[in-house]
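Visitor: This is the structure I have questions about; it appears just below.
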Amino acid sequence: MNISTPYTDYVKTISEDSYKLICIPCAGAGASFYINWQKAIGSGVDILPVALPGREKRLGEELIHDCFQAADEIADALLPYVRNGNFSVFGHSMGGIIAYETAKSFLRHGVSPDICFISSTSIEDWSGVTPSEELDDNEFFRRVSQFGGIDESSELIRYPEFRNIFMKILRADFGIIESYKYDSKKLRCPAVCLCGDSDPMETIENMRSWKNYVEDENVVYLKYNGDHFYLNKQLEIVCRDIREMICVNRTKRRDLHGIR
């Protein structure tokens with residue numbers, strides 16, 4: 001099957017019948033955040049890294065500032081490739097919140113992900129936090145650096161031309177997080193929450209609140225060695241666990257509903 005939407009511009013073709021894992025990047029990142037995932041997860045699962053506008057191959061496009069807009073655009077664009085229902089959604093950090101809303105958007109289209117994987121994020125109330133748009137660049141960079149993965153030595157910010165582009169993307173992405181308001185509609189598919197055990201900004205205990213946003217509190221929690229970007233060092237283990245969770249869930253569905 002040829003890919004004809006810019007949201008999957010990172011991949012050229014995909015098997016029509018294969019199982020698909022839609023992967024949404026964290027703040028500041030693009031589809032290449034998942035560059036090593038296909039090799040790690042192996043055959044039988046096609047990784048679909050979501051290419052958000054305003055970065056990488058879509059650098060010239062307008063950035064998105066609203067979570068619900070992002071979720072609806074992703075679901076609309078990928079719907080033709082998941083009509084058989086053989087798919088799950090994964091999102092890291094900011095991507096976790098977008099993944100949650102994207103899964104709900106798919107459900108409104110009449111197709112259900114098997115699982116929504118939510119990594120290193122929780123639904124927080126940012127009302128008491130100064131919006132990033134009100135911070136100067138230095139203050140905003142200090143906020144971003146608390147998550148780890150970037151510091152003053154990072155190539156992306158050492159050069160003014162790169163720094164300006166990257167900071168613009170980050171500000172838009174943090175705007176998505178900070179402006180998000182839960183719409184009171186719970187997710188009607190299982191969720192799996194993943195987190196590093198030394199994440200400076202998130203804990204698996206805090207992420208247990210996701211049960212309040214999923215019907216029947218159908219949530220599994222997985223903890224790994226590592227910080228906010230535990231995925232980088234634990235990728236093989238994470239992908240193994242994702243495959244296992246998908247297989248277990250599909251077996252349960254088949255036993256309950258006779259789904260092939």
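By order in the structure tokens, chains are A, B, ...; within a chain, residues start at 1; ligands start at 1, following the order shown.
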DSSP on the backbone: which residues in stretch 41-238 of chain A end up as strand (DSSP E)? Give the answer as number ranges by chain.
Guide: A: 45-49, 87-92, 116-119, 191-196, 219-224
Visitor: Store the residues picked out above, limited to N, CA, C and O atoms, as a compact mmCIF listing (two decimals), in the first residue's frame.
Guide:
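Output below, filename again_31.txt:
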# COMPACT_ATOMS: atom_id res chain seq x y z
N VAL A 45 4.86 -6.37 12.75
CA VAL A 45 4.32 -5.09 13.22
C VAL A 45 4.98 -3.98 12.41
O VAL A 45 6.20 -3.87 12.40
N ASP A 46 4.18 -3.19 11.74
CA ASP A 46 4.70 -2.03 11.00
C ASP A 46 4.65 -0.80 11.89
O ASP A 46 3.59 -0.44 12.41
N ILE A 47 5.81 -0.17 12.07
CA ILE A 47 5.87 1.09 12.83
C ILE A 47 5.47 2.24 11.91
O ILE A 47 6.03 2.42 10.83
N LEU A 48 4.49 3.02 12.35
CA LEU A 48 4.06 4.22 11.62
C LEU A 48 4.41 5.45 12.45
O LEU A 48 3.61 5.91 13.26
N PRO A 49 5.61 6.00 12.27
CA PRO A 49 5.96 7.22 13.01
C PRO A 49 5.18 8.40 12.44
O PRO A 49 5.19 8.63 11.23
N PHE A 87 -4.40 -2.42 14.87
CA PHE A 87 -3.44 -1.37 15.19
C PHE A 87 -3.55 -0.96 16.65
O PHE A 87 -4.55 -1.21 17.33
N SER A 88 -2.46 -0.35 17.12
CA SER A 88 -2.42 0.30 18.43
C SER A 88 -1.78 1.66 18.25
O SER A 88 -1.22 1.97 17.20
N VAL A 89 -1.86 2.48 19.30
CA VAL A 89 -1.30 3.84 19.26
C VAL A 89 -0.32 3.99 20.42
O VAL A 89 -0.59 3.55 21.54
N PHE A 90 0.83 4.61 20.14
CA PHE A 90 1.84 4.86 21.15
C PHE A 90 2.24 6.33 21.11
O PHE A 90 2.38 6.92 20.03
N GLY A 91 2.43 6.93 22.29
CA GLY A 91 2.91 8.30 22.34
C GLY A 91 3.80 8.51 23.54
O GLY A 91 3.52 8.01 24.64
N HIS A 92 4.90 9.26 23.34
CA HIS A 92 5.83 9.53 24.43
C HIS A 92 5.74 10.98 24.87
O HIS A 92 5.75 11.89 24.04
N CYS A 116 -3.92 1.76 23.73
CA CYS A 116 -3.28 3.08 23.70
C CYS A 116 -2.12 3.05 24.69
O CYS A 116 -2.31 2.93 25.90
N PHE A 117 -0.90 3.12 24.16
CA PHE A 117 0.31 3.13 24.98
C PHE A 117 0.68 4.58 25.31
O PHE A 117 0.90 5.38 24.40
N ILE A 118 0.76 4.90 26.60
CA ILE A 118 1.03 6.26 27.06
C ILE A 118 2.33 6.26 27.85
O ILE A 118 2.44 5.62 28.89
N SER A 119 3.33 6.97 27.34
CA SER A 119 4.67 6.92 27.92
C SER A 119 5.06 8.25 28.56
O SER A 119 4.97 9.31 27.93
N ALA A 191 -5.52 0.80 28.07
CA ALA A 191 -4.33 1.65 28.04
C ALA A 191 -3.19 0.96 28.77
O ALA A 191 -3.41 0.20 29.70
N VAL A 192 -1.98 1.23 28.31
CA VAL A 192 -0.77 0.76 28.98
C VAL A 192 0.10 1.99 29.25
O VAL A 192 0.41 2.74 28.32
N CYS A 193 0.45 2.21 30.50
CA CYS A 193 1.27 3.36 30.88
C CYS A 193 2.70 2.89 31.16
O CYS A 193 2.91 1.93 31.90
N LEU A 194 3.67 3.59 30.58
CA LEU A 194 5.07 3.24 30.72
C LEU A 194 5.84 4.44 31.26
O LEU A 194 5.53 5.60 30.92
N CYS A 195 6.86 4.18 32.08
CA CYS A 195 7.63 5.28 32.67
C CYS A 195 8.99 4.78 33.14
O CYS A 195 9.15 3.61 33.51
N GLY A 196 9.98 5.67 33.13
CA GLY A 196 11.29 5.36 33.67
C GLY A 196 11.29 5.54 35.19
O GLY A 196 10.61 6.42 35.71
N VAL A 219 -6.24 -0.39 32.73
CA VAL A 219 -4.90 0.16 32.52
C VAL A 219 -3.85 -0.78 33.12
O VAL A 219 -4.02 -1.29 34.22
N VAL A 220 -2.77 -0.97 32.38
CA VAL A 220 -1.61 -1.72 32.86
C VAL A 220 -0.45 -0.74 33.00
O VAL A 220 -0.31 0.19 32.19
N TYR A 221 0.38 -0.92 34.03
CA TYR A 221 1.50 0.00 34.30
C TYR A 221 2.82 -0.76 34.21
O TYR A 221 2.99 -1.83 34.81
N LEU A 222 3.76 -0.19 33.45
CA LEU A 222 5.07 -0.80 33.25
C LEU A 222 6.17 0.21 33.60
O LEU A 222 6.13 1.35 33.12
N LYS A 223 7.13 -0.22 34.40
CA LYS A 223 8.22 0.68 34.82
C LYS A 223 9.55 0.11 34.33
O LYS A 223 9.79 -1.09 34.40
N TYR A 224 10.44 1.01 33.87
CA TYR A 224 11.73 0.62 33.31
C TYR A 224 12.86 1.39 33.97
O TYR A 224 12.65 2.47 34.53
Visitor: For stretch 240-248 of chain A, please output as an MDAnalysis selection string all residues within 8 Å (counting only C-alpha atoms; exclusion window: fewer than 3 positions along the same chain).
Guide: chainID A and resid 41 88 114:115 236:237 251:252
Visitor: Between A:Ile98, A:Cys239, A:Ile169, A:Ile24, single out the one closest to A:Trp37, counting only C-alpha atoms.
Guide: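 Of A:Ile98, A:Cys239, A:Ile169, A:Ile24, the one nearest A:Trp37 is A:Cys239, counting only C-alpha atoms.
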Visitor: Select, from A:Thr8, A:Asn206, A:Ser122, A:Ser18, the residue with the minimum atom-to-atom distance to A:Ala31, counting only C-alpha atoms.
Guide: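 Of all the options, A:Thr8 lies closest to A:Ala31.
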Visitor: Assign secondary structure with DSSP using the backbone only, and return the residues of stretch 43-256 of chain A in alpha helix (DSSP H) as a ChimeraX atom specification.
Guide: /A:67-78,94-108,137-145,155-158,160-179,204-207,231-256
Visitor: Give the answer as one residue: which of A:Gly110, A:Ser198, A:Tyr81, A:Asp66 has the shortest atom-to-atom distance to A:Ile22, using only C-alpha atoms?
Guide: A:Tyr81
Visitor: Counting only C-alpha atoms, what is within 12 Å of A:Phe229, bar same-chain residues fewer than 6 positions away, as a CSV table (one decimal) with all heavy atoms, in the first residue's frame?
Guide:
chain,number,residue,atom,x,y,z
A,25,PRO,N,5.5,11.4,18.4
A,25,PRO,CA,6.7,11.8,19.1
A,25,PRO,C,6.5,12.8,20.3
A,25,PRO,O,5.4,13.3,20.5
A,25,PRO,CB,7.5,12.6,18.0
A,25,PRO,CG,6.4,13.1,17.1
A,25,PRO,CD,5.4,12.0,17.1
A,26,CYS,N,7.5,13.0,21.0
A,26,CYS,CA,7.5,13.9,22.2
A,26,CYS,C,7.7,15.3,21.7
A,26,CYS,O,7.9,15.6,20.5
A,26,CYS,CB,8.6,13.5,23.2
A,26,CYS,SG,10.2,13.6,22.5
A,27,ALA,N,7.6,16.3,22.6
A,27,ALA,CA,7.7,17.7,22.3
A,27,ALA,C,9.1,18.0,21.7
A,27,ALA,O,10.1,17.5,22.2
A,27,ALA,CB,7.6,18.6,23.6
A,33,PHE,N,12.2,10.3,15.7
A,33,PHE,CA,12.4,9.9,17.1
A,33,PHE,C,12.2,8.4,17.2
A,33,PHE,O,12.8,7.7,18.1
A,33,PHE,CB,11.3,10.6,17.9
A,33,PHE,CG,11.4,10.2,19.4
A,33,PHE,CD1,12.3,10.8,20.2
A,33,PHE,CD2,10.5,9.3,20.0
A,33,PHE,CE1,12.4,10.5,21.6
A,33,PHE,CE2,10.5,9.0,21.3
A,33,PHE,CZ,11.5,9.7,22.2
A,92,HIS,N,4.9,9.3,23.3
A,92,HIS,CA,5.8,9.5,24.4
A,92,HIS,C,5.7,11.0,24.9
A,92,HIS,O,5.8,11.9,24.0
A,92,HIS,CB,7.3,9.2,24.0
A,92,HIS,CG,8.3,9.5,25.0
A,92,HIS,ND1,8.4,8.8,26.2
A,92,HIS,CD2,9.3,10.4,25.1
A,92,HIS,CE1,9.4,9.3,27.0
A,92,HIS,NE2,9.9,10.3,26.3
A,93,SER,N,5.6,11.2,26.2
A,93,SER,CA,5.6,12.5,26.8
A,93,SER,C,4.4,13.3,26.2
A,93,SER,O,3.3,12.9,26.3
A,93,SER,CB,6.9,13.2,26.6
A,93,SER,OG,7.1,14.3,27.5
A,119,SER,N,3.3,7.0,27.3
A,119,SER,CA,4.7,6.9,27.9
A,119,SER,C,5.1,8.3,28.6
A,119,SER,O,5.0,9.3,27.9
A,119,SER,CB,5.7,6.6,26.8
A,119,SER,OG,7.0,6.7,27.3
A,120,SER,N,5.5,8.2,29.8
A,120,SER,CA,6.1,9.3,30.5
A,120,SER,C,5.3,10.6,30.5
A,120,SER,O,5.8,11.7,30.3
A,120,SER,CB,7.5,9.6,29.9
A,120,SER,OG,8.3,8.5,30.0
A,121,THR,N,4.0,10.5,30.8
A,121,THR,CA,3.2,11.7,30.9
A,121,THR,C,1.9,11.4,31.6
A,121,THR,O,1.5,10.2,31.7
A,121,THR,CB,2.8,12.2,29.5
A,121,THR,OG1,2.3,13.6,29.6
A,121,THR,CG2,1.8,11.4,28.8
A,146,GLN,N,14.5,20.5,32.3
A,146,GLN,CA,14.1,19.7,33.4
A,146,GLN,C,13.7,18.3,33.0
A,146,GLN,O,13.8,17.4,33.8
A,146,GLN,CB,13.0,20.4,34.2
A,146,GLN,CG,13.4,21.7,34.9
A,146,GLN,CD,12.2,22.3,35.6
A,146,GLN,OE1,11.0,22.0,35.3
A,146,GLN,NE2,12.5,23.2,36.5
A,147,PHE,N,13.3,18.1,31.8
A,147,PHE,CA,12.9,16.8,31.3
A,147,PHE,C,14.1,16.0,30.9
A,147,PHE,O,13.9,14.7,30.8
A,147,PHE,CB,11.9,17.0,30.1
A,147,PHE,CG,10.6,17.5,30.5
A,147,PHE,CD1,10.4,18.9,30.6
A,147,PHE,CD2,9.5,16.6,30.7
A,147,PHE,CE1,9.1,19.4,30.9
A,147,PHE,CE2,8.3,17.1,31.0
A,147,PHE,CZ,8.1,18.5,31.1
A,148,GLY,N,15.2,16.6,30.8
A,148,GLY,CA,16.4,15.8,30.3
A,148,GLY,C,16.4,15.7,28.8
A,148,GLY,O,15.5,16.1,28.1
A,149,GLY,N,17.5,15.2,28.3
A,149,GLY,CA,17.6,14.9,26.9
A,149,GLY,C,18.1,16.1,26.1
A,149,GLY,O,18.4,16.0,24.9
A,150,ILE,N,18.3,17.3,26.7
A,150,ILE,CA,18.8,18.5,26.0
A,150,ILE,C,19.5,19.4,27.1
A,150,ILE,O,19.0,19.5,28.2
A,150,ILE,CB,17.6,19.2,25.3
A,150,ILE,CG1,18.2,20.4,24.5
A,150,ILE,CG2,16.6,19.7,26.3
A,150,ILE,CD1,17.2,21.0,23.6
A,194,LEU,N,3.7,3.6,30.6
A,194,LEU,CA,5.1,3.2,30.7
A,194,LEU,C,5.8,4.4,31.3
A,194,LEU,O,5.5,5.6,30.9
A,194,LEU,CB,5.7,2.8,29.4
A,194,LEU,CG,4.9,1.8,28.5
A,194,LEU,CD1,3.9,2.5,27.6
A,194,LEU,CD2,5.9,1.0,27.6
A,195,CYS,N,6.9,4.2,32.1
A,195,CYS,CA,7.6,5.3,32.7
A,195,CYS,C,9.0,4.8,33.1
A,195,CYS,O,9.1,3.6,33.5
A,195,CYS,CB,6.9,5.9,33.8
A,195,CYS,SG,7.5,7.5,34.4
A,196,GLY,N,10.0,5.7,33.1
A,196,GLY,CA,11.3,5.4,33.7
A,196,GLY,C,11.3,5.5,35.2
A,196,GLY,O,10.6,6.4,35.7
A,197,ASP,N,12.1,4.7,35.9
A,197,ASP,CA,12.1,4.8,37.4
A,197,ASP,C,12.8,5.9,37.9
A,197,ASP,O,12.8,6.2,39.1
A,197,ASP,CB,12.6,3.5,37.9
A,197,ASP,CG,14.0,3.1,37.5
A,197,ASP,OD1,14.6,3.9,36.8
A,197,ASP,OD2,14.4,2.0,37.9
A,198,SER,N,13.6,6.7,37.1
A,198,SER,CA,14.3,7.8,37.6
A,198,SER,C,14.0,9.1,36.7
A,198,SER,O,14.8,10.0,36.6
A,198,SER,CB,15.8,7.6,37.5
A,198,SER,OG,16.3,7.3,36.2
A,199,ASP,N,12.8,9.1,36.2
A,199,ASP,CA,12.3,10.2,35.4
A,199,ASP,C,12.2,11.4,36.4
A,199,ASP,O,11.4,11.3,37.4
A,199,ASP,CB,10.9,9.9,34.8
A,199,ASP,CG,10.4,10.9,33.8
A,199,ASP,OD1,10.7,12.1,34.0
A,199,ASP,OD2,9.8,10.5,32.9
A,200,PRO,N,12.8,12.6,36.1
A,200,PRO,CA,12.7,13.7,37.0
A,200,PRO,C,11.4,14.5,37.0
A,200,PRO,O,11.1,15.2,37.8
A,200,PRO,CB,13.9,14.6,36.5
A,200,PRO,CG,14.0,14.3,35.0
A,200,PRO,CD,13.7,12.8,34.9
A,201,MET,N,10.6,14.2,35.9
A,201,MET,CA,9.3,14.9,35.8
A,201,MET,C,8.1,14.1,35.9
A,201,MET,O,7.0,14.6,35.9
A,201,MET,CB,9.3,15.6,34.4
A,201,MET,CG,10.5,16.6,34.2
A,201,MET,SD,10.6,17.9,35.5
A,201,MET,CE,9.1,18.8,35.1
A,202,GLU,N,8.3,12.8,35.9
A,202,GLU,CA,7.1,11.9,36.0
A,202,GLU,C,7.4,10.6,36.8
A,202,GLU,O,8.5,10.2,36.8
A,202,GLU,CB,6.7,11.5,34.5
A,202,GLU,CG,5.3,10.9,34.4
A,202,GLU,CD,4.2,11.8,34.9
A,202,GLU,OE1,3.9,12.8,34.3
A,202,GLU,OE2,3.8,11.5,36.1
A,235,LEU,N,15.0,0.2,24.6
A,235,LEU,CA,14.2,0.0,23.4
A,235,LEU,C,13.8,-1.5,23.2
A,235,LEU,O,12.7,-1.8,22.9
A,235,LEU,CB,14.8,0.6,22.2
A,235,LEU,CG,14.0,0.6,20.9
A,235,LEU,CD1,12.6,1.2,21.1
A,235,LEU,CD2,14.7,1.3,19.8
A,238,VAL,N,11.3,-2.6,25.8
A,238,VAL,CA,10.1,-1.9,25.6
A,238,VAL,C,9.3,-2.5,24.4
A,238,VAL,O,8.1,-2.8,24.5
A,238,VAL,CB,10.3,-0.4,25.4
A,238,VAL,CG1,9.0,0.3,25.0
A,238,VAL,CG2,10.8,0.3,26.7
Visitor: What does the distance from atom CA of A:Glu124 to atom CA of A:Glu73 come to in Å, to one decimal?
Guide: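 Those two atoms sit 23.2 Å apart.
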Visitor: When you count only C-alpha atoms, which of these residues is closest to A:Tyr213: A:Asp72, A:Glu101, A:Asp173, A:Glu16?
Guide: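 When distances to A:Tyr213 are compared using only C-alpha atoms, the smallest one comes from A:Glu101.
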Visitor: For A:Gly175, which residue among A:Lys39, A:Lys20, A:His65, A:Lys57 is the nearest when counting only C-alpha atoms?
Guide: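 The shortest atom-to-atom distance to A:Gly175 comes from A:His65.
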